[in-house]
2 protein chains.
Amino acid sequence: MTRQVSGAAATRESLVSAALELFGDYGYDAVSTRQIADHAAANIGSIAYHFGGKPGLRIACIEYVISVVREMLGASVSEPLPETLSPDEALDMLDSMFSILLLLGSTRPDADRISNFMTRELVVPATVDALLYEKLTEPLHERFSQLFAIAVGGAVQGSELALTVFSLFGQMVFFRQCKPVIVKHMGWPGFGLTQAQAAGAIVSQNLKAIVAYHRSRDGFVAGEARPGA
Amino acid sequence: MTRQVSGAAATRESLVSAALELFGDYGYDAVSTRQIADHAAANIGSIAYHFGGKPGLRIACIEYVISVVREMLGASVSEPLPETLSPDEALDMLDSMFSILLLLGSTRPDADRISNFMTRELVVPATVDALLYEKLTEPLHERFSQLFAIAVGGAVQGSELALTVFSLFGQMVFFRQCKPVIVKHMGWPGFGLTQAQAAGAIVSQNLKAIVAYHRSRDGFVAGEARPGA
DNA sequence: GTCTATAAACAGATAGAC
DNA sequence: GTCTATCTGTTTATAGAC
């Protein structure tokens with residue numbers, strides 16, 4: 001019983017891992033298939049064999065990233081919300097989801113490259129961008145919107161709600177996306193767990209500030225049922 | 001008197017304009033010098049002649065973007081702050097600077113490509129990124145930090161201040177950066193003046209919410225002098 | 001399934017005619 | 001200053017040996 005049969009899967013994984021890292025660091029177009037093959041200790045031909053070509057490898061990376069993030073968020077995004085959810089509970093759920101996403105780059109060994117790749121793919125999407133959008137961005141936005149609406153007692157709705165949630169996304173994405181700039185400015189040694197937590201604390205604080213603002217603006221009373229329910 | 005002498009400047013402008021648009025839309029690495037030359041109705045050789053090569057053209061684009069943004073922000077970033085600045089005045093200045101930056105893509109004809117290029121360059125910086133960072137990001141961040149500190153009466157300082165300002169940057173950058181995603185989700189026909197204003201309203205609201213949060217947290221009293229002055 | 005050699009297209013840079 | 005033809009290296013994709 002040799003490892004010959006499982007060699008294929010190992011090569012696939014190795015290629016996706018290498019591609020994820022290089023695409024994330026330098027961008028899809030800046031990286032050649034040779035670099036990827038070298039980095040994965042595989043040969044160039046294997047990319048065509050396993051993925052059909054460079055675009056196929058990109059899609060495989062996107063699918064991998066989607067599966068990892070969905071797994072990390074787990075029930076918070078896949079299961080329906082409990083019907084009886086107080087505004088403060090909704091706020092806590094929002095907060096913890098942000099925390100998970102922001103710390104994603106620090107809690108598992110390969111997650112930094114996942115995070116790099118994902119944020120880059122969000123900004124510089126391929127023609128296949130629909131994949132990441134439909135499977136990740138859209139469901140996440142939907143869930144965040146539900147939670148935010150409950151957290152502010154229904155005071156924010158429609159396009160204002162959608163844009164506010166995007167603005168919260170923006171804060172989170174920015175910290176990971178412009179990591180080099182932030183690390184340089186802050187004089188940090190890198191962007192590890194400590195730094196991710198520092199960024200997370202700010203995002204959390206801002207979330208609470210924005211929620212508090214909308215609550216007070218519309219005469220929110222703690223524990224009161226939201227209108228329209 | 002022919003236009004031959006001014007032809008050089010026209011070619012330069014044309015090449016920068018074309019490069020700005022293509023780099024902004026597809027990224028530096030994905031665009032070939034041939035595409036740029038075609039788009040600018042110039043020949044390939046002119047890129048080497050005027051800019052020394054593709055990297056030189058990129059630097060020319062960065063310099064152009066820096067000059068435009070600094071011009072638009074004008075006195076708000078280049079001149080020293082007035083010594084007597086009330087928290088509310090500081091907040092207003094912050095607000096209007098955000099507004100200028102966000103509407104940048106809608107107030108001048110070539111500004112959409114400027115905005116695209118800039119946000120992309122921020123995320124996928126060249127080895128020459130120091131240019132954009134030193135001349136634009138850093139001074140902007142410095143000014144925003146000063147204003148924010150005054151706006152909250154000195155309640156936020158040090159790394160918390162720096163990160164909070166970055167988080168505000170993030171909101172703004174995200175709206176321009178993930179334009180395709182947002183436009184798609186909102187069902188907008190595009191990202192024109194109306195849409196930029198809608199996004200700007202949210203950013204402005206969030207800014208006020210965050211400032212209000214820090215003011216109330218530290219017992220801020222309107223009109224009170226900030227500590228340490 | 002793995003690896004190598006090769007093909008066809010493309011990149012950026014350049015020399016020289018005009 | 002402009003433009004074209006060409007050079008050199010590199011890209012992805014592929015055919016075929018093992």
# chains A, B, ... in the order shown; residues from 1 in each chain; ligands from 1
>>> calpha_fit_rmsd(fixed="chain B", moving="chain A")
0.1 Å
>>> closest_atom_pairs(of="chain B", to="chain A", cutoff="8 Å", atoms="only C-alpha atoms", output="JSON lines")
{"residue": "B:Tyr26", "atom": "CA", "partner": "A:Val124", "partner_atom": "CA", "distance": 7.6}
{"residue": "B:Gly27", "atom": "CA", "partner": "A:Val124", "partner_atom": "CA", "distance": 7.8}
{"residue": "B:Asp29", "atom": "CA", "partner": "A:Ala30", "partner_atom": "CA", "distance": 5.5}
{"residue": "B:Ala30", "atom": "CA", "partner": "A:Asp29", "partner_atom": "CA", "distance": 5.5}
{"residue": "B:Arg120", "atom": "CA", "partner": "A:Val123", "partner_atom": "CA", "distance": 8.0}
{"residue": "B:Leu122", "atom": "CA", "partner": "A:Cys178", "partner_atom": "CA", "distance": 7.1}
{"residue": "B:Val123", "atom": "CA", "partner": "A:Cys178", "partner_atom": "CA", "distance": 5.8}
{"residue": "B:Val124", "atom": "CA", "partner": "A:Tyr26", "partner_atom": "CA", "distance": 7.6}
{"residue": "B:Tyr133", "atom": "CA", "partner": "A:Val181", "partner_atom": "CA", "distance": 7.5}
{"residue": "B:Glu138", "atom": "CA", "partner": "A:His185", "partner_atom": "CA", "distance": 7.9}
{"residue": "B:Ser159", "atom": "CA", "partner": "A:Met186", "partner_atom": "CA", "distance": 7.2}
{"residue": "B:Glu160", "atom": "CA", "partner": "A:Ile202", "partner_atom": "CA", "distance": 7.3}
{"residue": "B:Ala162", "atom": "CA", "partner": "A:Met186", "partner_atom": "CA", "distance": 7.7}
{"residue": "B:Leu163", "atom": "CA", "partner": "A:Ala199", "partner_atom": "CA", "distance": 6.8}
{"residue": "B:Thr164", "atom": "CA", "partner": "A:Ile202", "partner_atom": "CA", "distance": 6.2}
{"residue": "B:Phe166", "atom": "CA", "partner": "A:Phe175", "partner_atom": "CA", "distance": 7.8}
{"residue": "B:Ser167", "atom": "CA", "partner": "A:Gln171", "partner_atom": "CA", "distance": 5.0}
{"residue": "B:Leu168", "atom": "CA", "partner": "A:Gln171", "partner_atom": "CA", "distance": 7.1}
{"residue": "B:Phe169", "atom": "CA", "partner": "A:Gln171", "partner_atom": "CA", "distance": 7.9}
{"residue": "B:Gly170", "atom": "CA", "partner": "A:Gln171", "partner_atom": "CA", "distance": 4.7}
{"residue": "B:Gln171", "atom": "CA", "partner": "A:Gly170", "partner_atom": "CA", "distance": 4.7}
{"residue": "B:Met172", "atom": "CA", "partner": "A:Gly170", "partner_atom": "CA", "distance": 7.7}
{"residue": "B:Val173", "atom": "CA", "partner": "A:Gly170", "partner_atom": "CA", "distance": 7.5}
{"residue": "B:Phe174", "atom": "CA", "partner": "A:Gly170", "partner_atom": "CA", "distance": 4.8}
{"residue": "B:Phe175", "atom": "CA", "partner": "A:Gly170", "partner_atom": "CA", "distance": 7.4}
{"residue": "B:Gln177", "atom": "CA", "partner": "A:Val123", "partner_atom": "CA", "distance": 6.1}
{"residue": "B:Cys178", "atom": "CA", "partner": "A:Val123", "partner_atom": "CA", "distance": 5.7}
{"residue": "B:Val181", "atom": "CA", "partner": "A:Tyr133", "partner_atom": "CA", "distance": 7.5}
{"residue": "B:Ile182", "atom": "CA", "partner": "A:Phe166", "partner_atom": "CA", "distance": 7.8}
{"residue": "B:His185", "atom": "CA", "partner": "A:Glu138", "partner_atom": "CA", "distance": 7.8}
{"residue": "B:Met186", "atom": "CA", "partner": "A:Ser159", "partner_atom": "CA", "distance": 7.2}
{"residue": "B:Ala199", "atom": "CA", "partner": "A:Leu163", "partner_atom": "CA", "distance": 6.8}
{"residue": "B:Ile202", "atom": "CA", "partner": "A:Thr164", "partner_atom": "CA", "distance": 6.2}
{"residue": "B:Val203", "atom": "CA", "partner": "A:Ser167", "partner_atom": "CA", "distance": 7.2}
{"residue": "B:Asn206", "atom": "CA", "partner": "A:Ile210", "partner_atom": "CA", "distance": 5.9}
{"residue": "B:Ala209", "atom": "CA", "partner": "A:Ile210", "partner_atom": "CA", "distance": 5.2}
{"residue": "B:Ile210", "atom": "CA", "partner": "A:Ala209", "partner_atom": "CA", "distance": 5.2}
{"residue": "B:Ala212", "atom": "CA", "partner": "A:Ala209", "partner_atom": "CA", "distance": 7.6}
{"residue": "B:Tyr213", "atom": "CA", "partner": "A:Ala209", "partner_atom": "CA", "distance": 5.2}
>>> residues_around(residues="DT2 in chain C", least_positions_apart="6", cutoff="10 Å", atoms="only C-alpha atoms (C1' of nucleotides)", output="ChimeraX atom specification")
/A:7-8,42-43,45-46 /D:18
>>> write_last_selection(atoms="all heavy atoms", output="compact mmCIF listing (two decimals), in the first residue's frame")
# COMPACT_ATOMS: atom_id res chain seq x y z
N GLY A 7 -1.50 10.62 -3.65
CA GLY A 7 -0.58 11.64 -4.15
C GLY A 7 -1.29 12.73 -4.91
O GLY A 7 -0.90 13.90 -4.86
N ALA A 8 -2.34 12.36 -5.62
CA ALA A 8 -3.09 13.33 -6.41
C ALA A 8 -3.69 14.41 -5.51
O ALA A 8 -3.53 15.60 -5.76
CB ALA A 8 -4.18 12.63 -7.20
N ALA A 42 5.71 21.15 -7.10
CA ALA A 42 5.05 20.31 -8.10
C ALA A 42 5.55 20.75 -9.48
O ALA A 42 6.33 21.68 -9.58
CB ALA A 42 3.53 20.47 -8.01
N ASN A 43 5.09 20.12 -10.50
CA ASN A 43 5.51 20.53 -11.84
C ASN A 43 4.42 21.32 -12.53
O ASN A 43 3.25 21.29 -12.14
CB ASN A 43 5.88 19.31 -12.67
CG ASN A 43 4.73 18.34 -12.76
OD1 ASN A 43 3.74 18.60 -13.43
ND2 ASN A 43 4.84 17.24 -12.05
N GLY A 45 2.98 21.06 -15.36
CA GLY A 45 1.92 20.31 -16.01
C GLY A 45 0.77 19.96 -15.09
O GLY A 45 -0.38 19.84 -15.53
N SER A 46 1.08 19.82 -13.81
CA SER A 46 0.05 19.38 -12.87
C SER A 46 -1.08 20.40 -12.71
O SER A 46 -2.20 20.03 -12.39
CB SER A 46 0.67 19.08 -11.50
OG SER A 46 1.29 20.23 -10.98
P DC D 18 10.98 6.99 -22.27
OP1 DC D 18 12.45 7.19 -22.13
OP2 DC D 18 10.43 5.91 -23.14
O5' DC D 18 10.34 6.83 -20.84
C5' DC D 18 10.91 7.54 -19.73
C4' DC D 18 9.98 7.40 -18.55
O4' DC D 18 8.67 7.84 -18.91
C3' DC D 18 9.78 5.97 -18.03
O3' DC D 18 10.56 5.80 -16.85
C2' DC D 18 8.30 5.89 -17.72
C1' DC D 18 7.79 7.31 -17.93
N1 DC D 18 6.39 7.40 -18.44
C2 DC D 18 5.38 7.79 -17.55
O2 DC D 18 5.65 8.06 -16.38
N3 DC D 18 4.10 7.87 -18.00
C4 DC D 18 3.82 7.58 -19.28
N4 DC D 18 2.55 7.68 -19.67
C5 DC D 18 4.83 7.18 -20.19
C6 DC D 18 6.09 7.11 -19.73
>>> residues_around(residues="range 11-18 of chain C", least_positions_apart="3", cutoff="10 Å", atoms="only C-alpha atoms (C1' of nucleotides)", output="VMD selection string")
(chain B and resid 32 to 34 44 to 45 48 52 to 54) or (chain D and resid 2 to 11)
>>> interface_residues(of="chain D", to="chain A", cutoff="9 Å", atoms="only C-alpha atoms (C1' of nucleotides)", output="ChimeraX atom specification")
/D:11-14
>>> interface_residues(of="chain C", to="chain A", cutoff="12 Å", atoms="only C-alpha atoms (C1' of nucleotides)", output="list in words")
DG1, DT2, DC3, DT4 and DA5 of chain C
>>> write_last_selection(atoms="all heavy atoms", output="mmCIF file, in the first residue's frame")
data_model
loop_
_atom_site.group_PDB
_atom_site.id
_atom_site.type_symbol
_atom_site.label_atom_id
_atom_site.label_comp_id
_atom_site.auth_asym_id
_atom_site.auth_seq_id
_atom_site.Cartn_x
_atom_site.Cartn_y
_atom_site.Cartn_z
ATOM 1 P P DG C 1 -5.630 10.419 -10.706
ATOM 2 O OP1 DG C 1 -5.853 9.447 -11.679
ATOM 3 O OP2 DG C 1 -6.409 11.410 -10.378
ATOM 4 O "O5'" DG C 1 -4.073 10.832 -10.641
ATOM 5 C "C5'" DG C 1 -3.294 9.782 -10.170
ATOM 6 C "C4'" DG C 1 -1.863 10.227 -10.065
ATOM 7 O "O4'" DG C 1 -1.121 9.638 -11.177
ATOM 8 C "C3'" DG C 1 -1.584 11.722 -10.124
ATOM 9 O "O3'" DG C 1 -0.632 12.004 -9.097
ATOM 10 C "C2'" DG C 1 -1.021 11.974 -11.516
ATOM 11 C "C1'" DG C 1 -0.399 10.623 -11.870
ATOM 12 N N9 DG C 1 -0.501 10.298 -13.287
ATOM 13 C C8 DG C 1 -1.593 10.357 -14.112
ATOM 14 N N7 DG C 1 -1.330 9.970 -15.332
ATOM 15 C C5 DG C 1 0.028 9.644 -15.305
ATOM 16 C C6 DG C 1 0.891 9.174 -16.338
ATOM 17 O O6 DG C 1 0.608 8.938 -17.520
ATOM 18 N N1 DG C 1 2.186 8.977 -15.879
ATOM 19 C C2 DG C 1 2.598 9.189 -14.589
ATOM 20 N N2 DG C 1 3.880 8.935 -14.322
ATOM 21 N N3 DG C 1 1.813 9.618 -13.625
ATOM 22 C C4 DG C 1 0.549 9.835 -14.053
ATOM 23 P P DT C 2 0.069 13.392 -8.922
ATOM 24 O OP1 DT C 2 0.431 13.500 -7.497
ATOM 25 O OP2 DT C 2 -0.794 14.402 -9.556
ATOM 26 O "O5'" DT C 2 1.420 13.284 -9.743
ATOM 27 C "C5'" DT C 2 2.402 12.337 -9.358
ATOM 28 C "C4'" DT C 2 3.544 12.349 -10.361
ATOM 29 O "O4'" DT C 2 3.044 12.028 -11.668
ATOM 30 C "C3'" DT C 2 4.237 13.704 -10.495
ATOM 31 O "O3'" DT C 2 5.556 13.576 -10.009
ATOM 32 C "C2'" DT C 2 4.189 14.016 -12.000
ATOM 33 C "C1'" DT C 2 3.881 12.665 -12.615
ATOM 34 N N1 DT C 2 3.137 12.698 -13.916
ATOM 35 C C2 DT C 2 3.784 12.307 -15.062
ATOM 36 O O2 DT C 2 4.938 11.928 -15.090
ATOM 37 N N3 DT C 2 3.013 12.366 -16.200
ATOM 38 C C4 DT C 2 1.695 12.776 -16.291
ATOM 39 O O4 DT C 2 1.102 12.790 -17.368
ATOM 40 C C5 DT C 2 1.084 13.174 -15.052
ATOM 41 C C7 DT C 2 -0.332 13.638 -15.021
ATOM 42 C C6 DT C 2 1.829 13.121 -13.918
ATOM 43 P P DC C 3 6.415 14.940 -9.804
ATOM 44 O OP1 DC C 3 7.487 14.627 -8.846
ATOM 45 O OP2 DC C 3 5.474 16.039 -9.544
ATOM 46 O "O5'" DC C 3 7.100 15.175 -11.225
ATOM 47 C "C5'" DC C 3 8.064 14.231 -11.706
ATOM 48 C "C4'" DC C 3 8.276 14.438 -13.196
ATOM 49 O "O4'" DC C 3 7.016 14.381 -13.881
ATOM 50 C "C3'" DC C 3 8.871 15.787 -13.589
ATOM 51 O "O3'" DC C 3 10.238 15.590 -13.930
ATOM 52 C "C2'" DC C 3 8.022 16.264 -14.772
ATOM 53 C "C1'" DC C 3 7.223 15.020 -15.122
ATOM 54 N N1 DC C 3 5.898 15.286 -15.742
ATOM 55 C C2 DC C 3 5.703 15.027 -17.099
ATOM 56 O O2 DC C 3 6.651 14.594 -17.769
ATOM 57 N N3 DC C 3 4.493 15.279 -17.672
ATOM 58 C C4 DC C 3 3.489 15.745 -16.911
ATOM 59 N N4 DC C 3 2.308 15.959 -17.512
ATOM 60 C C5 DC C 3 3.659 16.011 -15.529
ATOM 61 C C6 DC C 3 4.873 15.771 -14.979
ATOM 62 P P DT C 4 11.134 16.866 -14.240
ATOM 63 O OP1 DT C 4 12.479 16.554 -13.726
ATOM 64 O OP2 DT C 4 10.415 18.076 -13.796
ATOM 65 O "O5'" DT C 4 11.201 16.886 -15.833
ATOM 66 C "C5'" DT C 4 11.507 15.684 -16.535
ATOM 67 C "C4'" DT C 4 11.362 15.932 -18.029
ATOM 68 O "O4'" DT C 4 9.960 16.029 -18.378
ATOM 69 C "C3'" DT C 4 12.012 17.212 -18.553
ATOM 70 O "O3'" DT C 4 12.734 16.878 -19.726
ATOM 71 C "C2'" DT C 4 10.834 18.129 -18.846
ATOM 72 C "C1'" DT C 4 9.767 17.120 -19.243
ATOM 73 N N1 DT C 4 8.352 17.574 -19.077
ATOM 74 C C2 DT C 4 7.467 17.424 -20.115
ATOM 75 O O2 DT C 4 7.768 16.950 -21.195
ATOM 76 N N3 DT C 4 6.191 17.857 -19.857
ATOM 77 C C4 DT C 4 5.728 18.409 -18.662
ATOM 78 O O4 DT C 4 4.559 18.758 -18.549
ATOM 79 C C5 DT C 4 6.714 18.534 -17.620
ATOM 80 C C7 DT C 4 6.323 19.128 -16.311
ATOM 81 C C6 DT C 4 7.973 18.112 -17.863
ATOM 82 P P DA C 5 13.795 17.918 -20.350
ATOM 83 O OP1 DA C 5 15.093 17.232 -20.356
ATOM 84 O OP2 DA C 5 13.654 19.225 -19.692
ATOM 85 O "O5'" DA C 5 13.287 18.049 -21.855
ATOM 86 C "C5'" DA C 5 12.667 16.931 -22.496
ATOM 87 C "C4'" DA C 5 11.869 17.426 -23.685
ATOM 88 O "O4'" DA C 5 10.545 17.833 -23.250
ATOM 89 C "C3'" DA C 5 12.473 18.639 -24.393
ATOM 90 O "O3'" DA C 5 12.362 18.446 -25.797
ATOM 91 C "C2'" DA C 5 11.642 19.809 -23.892
ATOM 92 C "C1'" DA C 5 10.282 19.158 -23.676
ATOM 93 N N9 DA C 5 9.452 19.776 -22.643
ATOM 94 C C8 DA C 5 9.859 20.238 -21.411
ATOM 95 N N7 DA C 5 8.883 20.739 -20.685
ATOM 96 C C5 DA C 5 7.769 20.591 -21.495
ATOM 97 C C6 DA C 5 6.416 20.935 -21.306
ATOM 98 N N6 DA C 5 5.940 21.507 -20.192
ATOM 99 N N1 DA C 5 5.558 20.654 -22.315
ATOM 100 C C2 DA C 5 6.028 20.082 -23.423
ATOM 101 N N3 DA C 5 7.272 19.713 -23.716
ATOM 102 C C4 DA C 5 8.095 20.011 -22.701
#
>>> atom_distance(atom1="CA of Ala18 in chain B", atom2="CA of Ile114 in chain B")
11.0 Å
>>> residues_around(residues="Gly74 in chain A", least_positions_apart="5", cutoff="12 Å", atoms="only C-alpha atoms (C1' of nucleotides)", output="ChimeraX atom specification")
/A:66-69,79-80,97,100-101,140
>>> closest_residue(among="B:Thr107, B:Leu57, B:Val65, B:Asp218", to="Leu136 in chain B", atoms="only C-alpha atoms")
B:Val65
>>> atom_distance(atom1="CA of Ser216 in chain B", atom2="CA of Met93 in chain B")
20.5 Å
>>> atom_distance(atom1="CA of Phe220 in chain B", atom2="CA of Asp88 in chain B")
11.9 Å
>>> closest_residue(among="B:Ala37, B:Ala155, B:Ala149, B:Val77", to="Lys135 in chain B", atoms="only C-alpha atoms")
B:Val77
>>> select_by_dssp(residues="range 29-167 of chain B", states="alpha helix (DSSP H)", output="ChimeraX atom specification")
/B:33-39,45-51,54-73,75-78,87-107,111-123,130-132,138-151,158-167
